[in-house]
Amino acid sequence: MRFEALAETLLKGGIAPRHVRRYVGELSDHLDDLVRRQQEAGYHGDEAVLRARALLGDDRELAAAMLAEPTLKSWPARLPWLFFGLFPPLAVIALFFLTILPVVGLAVLLRDALPHGAAMPDWFRALAYGVTGIANLLFAPGLAVLMITAARHRRLAMGWPVLGTLLIAATGAQFQVGFGTPGNGHIGLGALLWLWHAPATMWNGPLALAQLLLTLAPLALLWRGGMTRWTQG
Amino acid sequence: MADAVLAAGIPELMILRLLQDREMYGYEIVQAIAARTGKVVAPGEGVVYPLLHGLERAGALKSRRRAVGGRSRVYYGLTAKGGRRLDRLAARWTSLNGAVEAVLAGGAHAV
């Protein structure tokens with residue numbers, strides 16, 4: 001790939017990957033135009049390419065110009081403590097509650113529509129179990145993968161995604177979404193905060209353990225196979 | 001200090017002015033600057049892109065990809081905000097240029 005070393009320098013300097021990709025693409029097009037101009041001026045082969053490259057500017061000059069634009073840096077690079085420290089726990093909490101809210105709303109509507117004391121329909125049970133399964137087992141691990149991928153694409157220090165993943169795991173372990181068999185008009189769907197309802201969530205130990213292991217799994221994979229690639233880019 | 005700020009703004013001023021007339025891609029912009037300034041201003045050609053990206057982030061420019069002659073190019077155009085930025089920069093430049101010319105012209109002056 002053309003300008004590979006330049007791209008690596010820019011990513012390590014915190015420039016957002018989309019700006020790096022576009023810059024490299026534009027430089028590549030520009031170089032083609034310059035080579036054509038040199039050829040039209042009577043230079044051929046390597047000489048045309050060398051002259052064109054000199055006109056474009058050397059890698060150090062091209063990198064310095066980009067790194068001097070602070071607005072082109074990605075916000076995980078500019079504010080890593082926000083992206084990897086504050087955002088993960090808030091995202092976990094928001095995702096949990098935003099997911100169960102529509103199901104709770106639907107349950108309320110059904111409760112009002114059904115005869116008093118009637119069981120919820122089977123399709124609703126299936127939906128509720130599906131949603132709780134997704135909330136419990138996909139969100140926290142998904143966010144952990146997002147953290148690691150974001151950090152890797154931006155060549156950020158590994159400590160940041162490790163911190164983000166641990167925070168996700170810790171926050172995710174605080175929540176478990178459950179769906180109980182409704183009776184006497186109760187919905188039986190909600191999220192438990194471990195600190196406040198320790199006995200209830202501890203009772204569901206296997207789920208909590210599965211959630212924790214799935215969240216930490218991307219970190220383990222990163223440790224096993226990603227270290228070398230990470231440091232080499 | 002003000003001069004340094006203005007000097008740093010000269011490439012920006014020229015780019016905004018060129019794009020006021022029509023959309024252009026990077027290579028075109030560099031060639032147009034070299035042609036209009038008689039190559040007096042000829043920076044490393046690649047360094048125009050960070051400036052274009054920065055101006056776009058600031059809302060002064062907008063970009064879009066266009067296929068021309070079988071090649072896909074990123075074209076830049078001036079926004080309304082960019083137009084106002086150009087007016088401000090041009091006014092500062094005109095003011096400073098007038099002041100420098102007055103000094104260079106010499107002649108009677110009060111001490």
# chains A, B, ... in the order shown; residues from 1 in each chain; ligands from 1
>>> interface_residues(of="chain A", to="chain B", cutoff="9 Å", atoms="only C-alpha atoms", output="PyMOL selection string")
chain A and resi 19+22-23+26-27+29-31+33-34+54-58+61-72
>>> write_last_selection(atoms="N, CA and C atoms", output="PDB file, in the first residue's frame")
ATOM      1  N   HIS A  19      -9.919  10.109   8.449  1.00  0.00           N
ATOM      2  CA  HIS A  19      -9.116  11.189   7.857  1.00  0.00           C
ATOM      3  C   HIS A  19      -7.819  10.618   7.266  1.00  0.00           C
ATOM      4  N   ARG A  22      -8.684   8.914   3.951  1.00  0.00           N
ATOM      5  CA  ARG A  22      -8.955   9.902   2.893  1.00  0.00           C
ATOM      6  C   ARG A  22      -7.675  10.618   2.464  1.00  0.00           C
ATOM      7  N   TYR A  23      -6.855  10.968   3.442  1.00  0.00           N
ATOM      8  CA  TYR A  23      -5.595  11.669   3.142  1.00  0.00           C
ATOM      9  C   TYR A  23      -4.726  10.806   2.232  1.00  0.00           C
ATOM     10  N   GLU A  26      -6.186  10.643  -1.219  1.00  0.00           N
ATOM     11  CA  GLU A  26      -5.996  11.893  -1.964  1.00  0.00           C
ATOM     12  C   GLU A  26      -4.534  12.063  -2.384  1.00  0.00           C
ATOM     13  N   LEU A  27      -3.623  11.707  -1.486  1.00  0.00           N
ATOM     14  CA  LEU A  27      -2.193  11.806  -1.829  1.00  0.00           C
ATOM     15  C   LEU A  27      -1.855  10.866  -2.984  1.00  0.00           C
ATOM     16  N   ASP A  29      -3.879   9.824  -5.372  1.00  0.00           N
ATOM     17  CA  ASP A  29      -4.404  10.421  -6.613  1.00  0.00           C
ATOM     18  C   ASP A  29      -3.521  11.580  -7.064  1.00  0.00           C
ATOM     19  N   HIS A  30      -3.118  12.385  -6.099  1.00  0.00           N
ATOM     20  CA  HIS A  30      -2.302  13.568  -6.401  1.00  0.00           C
ATOM     21  C   HIS A  30      -0.961  13.132  -7.012  1.00  0.00           C
ATOM     22  N   LEU A  31      -0.400  12.078  -6.433  1.00  0.00           N
ATOM     23  CA  LEU A  31       0.880  11.571  -6.943  1.00  0.00           C
ATOM     24  C   LEU A  31       0.728  11.079  -8.384  1.00  0.00           C
ATOM     25  N   ASP A  33      -1.341  12.208 -10.566  1.00  0.00           N
ATOM     26  CA  ASP A  33      -1.420  13.406 -11.418  1.00  0.00           C
ATOM     27  C   ASP A  33      -0.040  14.015 -11.636  1.00  0.00           C
ATOM     28  N   LEU A  34       0.759  14.030 -10.554  1.00  0.00           N
ATOM     29  CA  LEU A  34       2.106  14.623 -10.667  1.00  0.00           C
ATOM     30  C   LEU A  34       3.003  13.775 -11.576  1.00  0.00           C
ATOM     31  N   ALA A  54       8.919  14.200  -4.917  1.00  0.00           N
ATOM     32  CA  ALA A  54       9.571  15.370  -4.313  1.00  0.00           C
ATOM     33  C   ALA A  54       8.611  16.563  -4.311  1.00  0.00           C
ATOM     34  N   LEU A  55       7.841  16.693  -5.376  1.00  0.00           N
ATOM     35  CA  LEU A  55       6.877  17.797  -5.430  1.00  0.00           C
ATOM     36  C   LEU A  55       5.765  17.623  -4.399  1.00  0.00           C
ATOM     37  N   LEU A  56       5.383  16.383  -4.170  1.00  0.00           N
ATOM     38  CA  LEU A  56       4.295  16.113  -3.218  1.00  0.00           C
ATOM     39  C   LEU A  56       4.713  16.460  -1.797  1.00  0.00           C
ATOM     40  N   GLY A  57       5.992  16.259  -1.478  1.00  0.00           N
ATOM     41  CA  GLY A  57       6.473  16.499  -0.115  1.00  0.00           C
ATOM     42  C   GLY A  57       6.896  15.183   0.503  1.00  0.00           C
ATOM     43  N   ASP A  58       7.894  15.227   1.416  1.00  0.00           N
ATOM     44  CA  ASP A  58       8.327  13.957   2.015  1.00  0.00           C
ATOM     45  C   ASP A  58       7.384  13.566   3.149  1.00  0.00           C
ATOM     46  N   GLU A  61       7.139  15.829   6.240  1.00  0.00           N
ATOM     47  CA  GLU A  61       6.404  17.073   5.990  1.00  0.00           C
ATOM     48  C   GLU A  61       4.890  16.799   5.906  1.00  0.00           C
ATOM     49  N   LEU A  62       4.541  15.713   5.227  1.00  0.00           N
ATOM     50  CA  LEU A  62       3.130  15.367   5.064  1.00  0.00           C
ATOM     51  C   LEU A  62       2.495  14.999   6.407  1.00  0.00           C
ATOM     52  N   ALA A  63       3.254  14.287   7.236  1.00  0.00           N
ATOM     53  CA  ALA A  63       2.736  13.901   8.550  1.00  0.00           C
ATOM     54  C   ALA A  63       2.611  15.120   9.459  1.00  0.00           C
ATOM     55  N   ALA A  64       3.630  15.976   9.435  1.00  0.00           N
ATOM     56  CA  ALA A  64       3.616  17.151  10.318  1.00  0.00           C
ATOM     57  C   ALA A  64       2.423  18.049  10.012  1.00  0.00           C
ATOM     58  N   ALA A  65       2.105  18.208   8.722  1.00  0.00           N
ATOM     59  CA  ALA A  65       0.976  19.069   8.340  1.00  0.00           C
ATOM     60  C   ALA A  65      -0.341  18.514   8.892  1.00  0.00           C
ATOM     61  N   MET A  66      -0.481  17.217   8.851  1.00  0.00           N
ATOM     62  CA  MET A  66      -1.722  16.593   9.339  1.00  0.00           C
ATOM     63  C   MET A  66      -1.782  16.633  10.867  1.00  0.00           C
ATOM     64  N   LEU A  67      -0.664  16.339  11.511  1.00  0.00           N
ATOM     65  CA  LEU A  67      -0.637  16.301  12.977  1.00  0.00           C
ATOM     66  C   LEU A  67      -0.808  17.688  13.588  1.00  0.00           C
ATOM     67  N   ALA A  68      -0.559  18.720  12.785  1.00  0.00           N
ATOM     68  CA  ALA A  68      -0.716  20.092  13.281  1.00  0.00           C
ATOM     69  C   ALA A  68      -2.182  20.518  13.325  1.00  0.00           C
ATOM     70  N   GLU A  69      -3.075  19.681  12.776  1.00  0.00           N
ATOM     71  CA  GLU A  69      -4.514  20.004  12.792  1.00  0.00           C
ATOM     72  C   GLU A  69      -5.187  19.241  13.934  1.00  0.00           C
ATOM     73  N   PRO A  70      -5.346  19.871  15.092  1.00  0.00           N
ATOM     74  CA  PRO A  70      -5.879  19.121  16.239  1.00  0.00           C
ATOM     75  C   PRO A  70      -7.307  18.622  16.026  1.00  0.00           C
ATOM     76  N   THR A  71      -8.049  19.294  15.156  1.00  0.00           N
ATOM     77  CA  THR A  71      -9.449  18.885  14.969  1.00  0.00           C
ATOM     78  C   THR A  71      -9.571  17.571  14.203  1.00  0.00           C
ATOM     79  N   LEU A  72      -8.471  17.107  13.613  1.00  0.00           N
ATOM     80  CA  LEU A  72      -8.528  15.864  12.839  1.00  0.00           C
ATOM     81  C   LEU A  72      -8.245  14.634  13.709  1.00  0.00           C
TER      82      LEU A  72
END
>>> residues_around(residues="Tyr76 of chain B", least_positions_apart="2", cutoff="6 Å", atoms="only C-alpha atoms", output="PDB file with N, CA and C atoms, in the first residue's frame")
ATOM      1  N   GLU B  23     -16.241  24.327  -7.333  1.00  0.00           N
ATOM      2  CA  GLU B  23     -15.684  23.171  -6.617  1.00  0.00           C
ATOM      3  C   GLU B  23     -14.382  22.737  -7.289  1.00  0.00           C
ATOM      4  N   MET B  24     -13.429  22.307  -6.476  1.00  0.00           N
ATOM      5  CA  MET B  24     -12.153  21.831  -7.019  1.00  0.00           C
ATOM      6  C   MET B  24     -11.646  20.673  -6.171  1.00  0.00           C
ATOM      7  N   TYR B  25     -10.778  19.847  -6.750  1.00  0.00           N
ATOM      8  CA  TYR B  25     -10.100  18.813  -5.956  1.00  0.00           C
ATOM      9  C   TYR B  25      -8.671  19.277  -5.669  1.00  0.00           C
ATOM     10  N   LYS B  62     -17.307  21.956   2.248  1.00  0.00           N
ATOM     11  CA  LYS B  62     -17.982  20.659   2.195  1.00  0.00           C
ATOM     12  C   LYS B  62     -17.315  19.855   1.087  1.00  0.00           C
ATOM     13  N   SER B  63     -17.323  18.545   1.255  1.00  0.00           N
ATOM     14  CA  SER B  63     -16.669  17.721   0.229  1.00  0.00           C
ATOM     15  C   SER B  63     -17.634  16.678  -0.295  1.00  0.00           C
TER      16      SER B  63
END
>>> closest_residue(among="B:Leu18, B:Val100, B:Ala90, B:Ala105", to="Ala34 of chain B", atoms="only C-alpha atoms")
B:Leu18
>>> atom_distance(atom1="atom CA of Glu4 of chain A", atom2="atom CA of Arg154 of chain A")
14.4 Å
>>> residues_around(residues="Ala140 of chain A", least_positions_apart="4", cutoff="7 Å", atoms="only C-alpha atoms", output="short mmCIF file (atom, residue, chain, number, x, y, z; two decimals) with C-alpha atoms, in the first residue's frame")
data_model
loop_
_atom_site.label_atom_id
_atom_site.label_comp_id
_atom_site.auth_asym_id
_atom_site.auth_seq_id
_atom_site.Cartn_x
_atom_site.Cartn_y
_atom_site.Cartn_z
CA VAL A 92 -23.92 -0.67 29.54
CA ALA A 144 -15.88 -4.86 24.99
CA ILE A 168 -17.74 -2.97 31.19
CA ALA A 169 -17.29 -6.30 32.93
CA GLY A 172 -22.28 -5.59 33.37
CA THR A 215 -17.06 -9.85 28.37
#
>>> select_by_dssp(residues="segment 99-187 of chain A", states="strand (DSSP E)", output="PyMOL selection string")
chain A and resi 175-179
>>> write_last_selection(atoms="C-alpha atoms", output="PDB file, in the first residue's frame")
ATOM      1  CA  PHE A 175     -27.001  -6.008  36.048  1.00  0.00           C
ATOM      2  CA  GLN A 176     -29.036  -8.985  35.135  1.00  0.00           C
ATOM      3  CA  VAL A 177     -32.261  -8.756  33.267  1.00  0.00           C
ATOM      4  CA  GLY A 178     -34.818 -11.298  34.305  1.00  0.00           C
ATOM      5  CA  PHE A 179     -38.251 -12.346  33.175  1.00  0.00           C
TER       6      PHE A 179
END
>>> select_by_dssp(residues="chain A", states="alpha helix (DSSP H)", output="PyMOL selection string")
chain A and resi 4-12+17-40+45-56+59-67+75-78+80+87-113+122-137+139-153+159-174+198-203+205-221+227-232
>>> closest_atom_pairs(of="segment 129-173 of chain A", to="segment 74-81 of chain A", cutoff="9 Å", atoms="only C-alpha atoms", output="JSON lines")
{"residue": "A:Ala150", "atom": "CA", "partner": "A:Pro76", "partner_atom": "CA", "distance": 8.0}
{"residue": "A:Ala151", "atom": "CA", "partner": "A:Pro76", "partner_atom": "CA", "distance": 7.8}
{"residue": "A:Arg154", "atom": "CA", "partner": "A:Ala77", "partner_atom": "CA", "distance": 7.4}
{"residue": "A:Leu156", "atom": "CA", "partner": "A:Ala77", "partner_atom": "CA", "distance": 7.0}
{"residue": "A:Trp160", "atom": "CA", "partner": "A:Pro80", "partner_atom": "CA", "distance": 7.0}
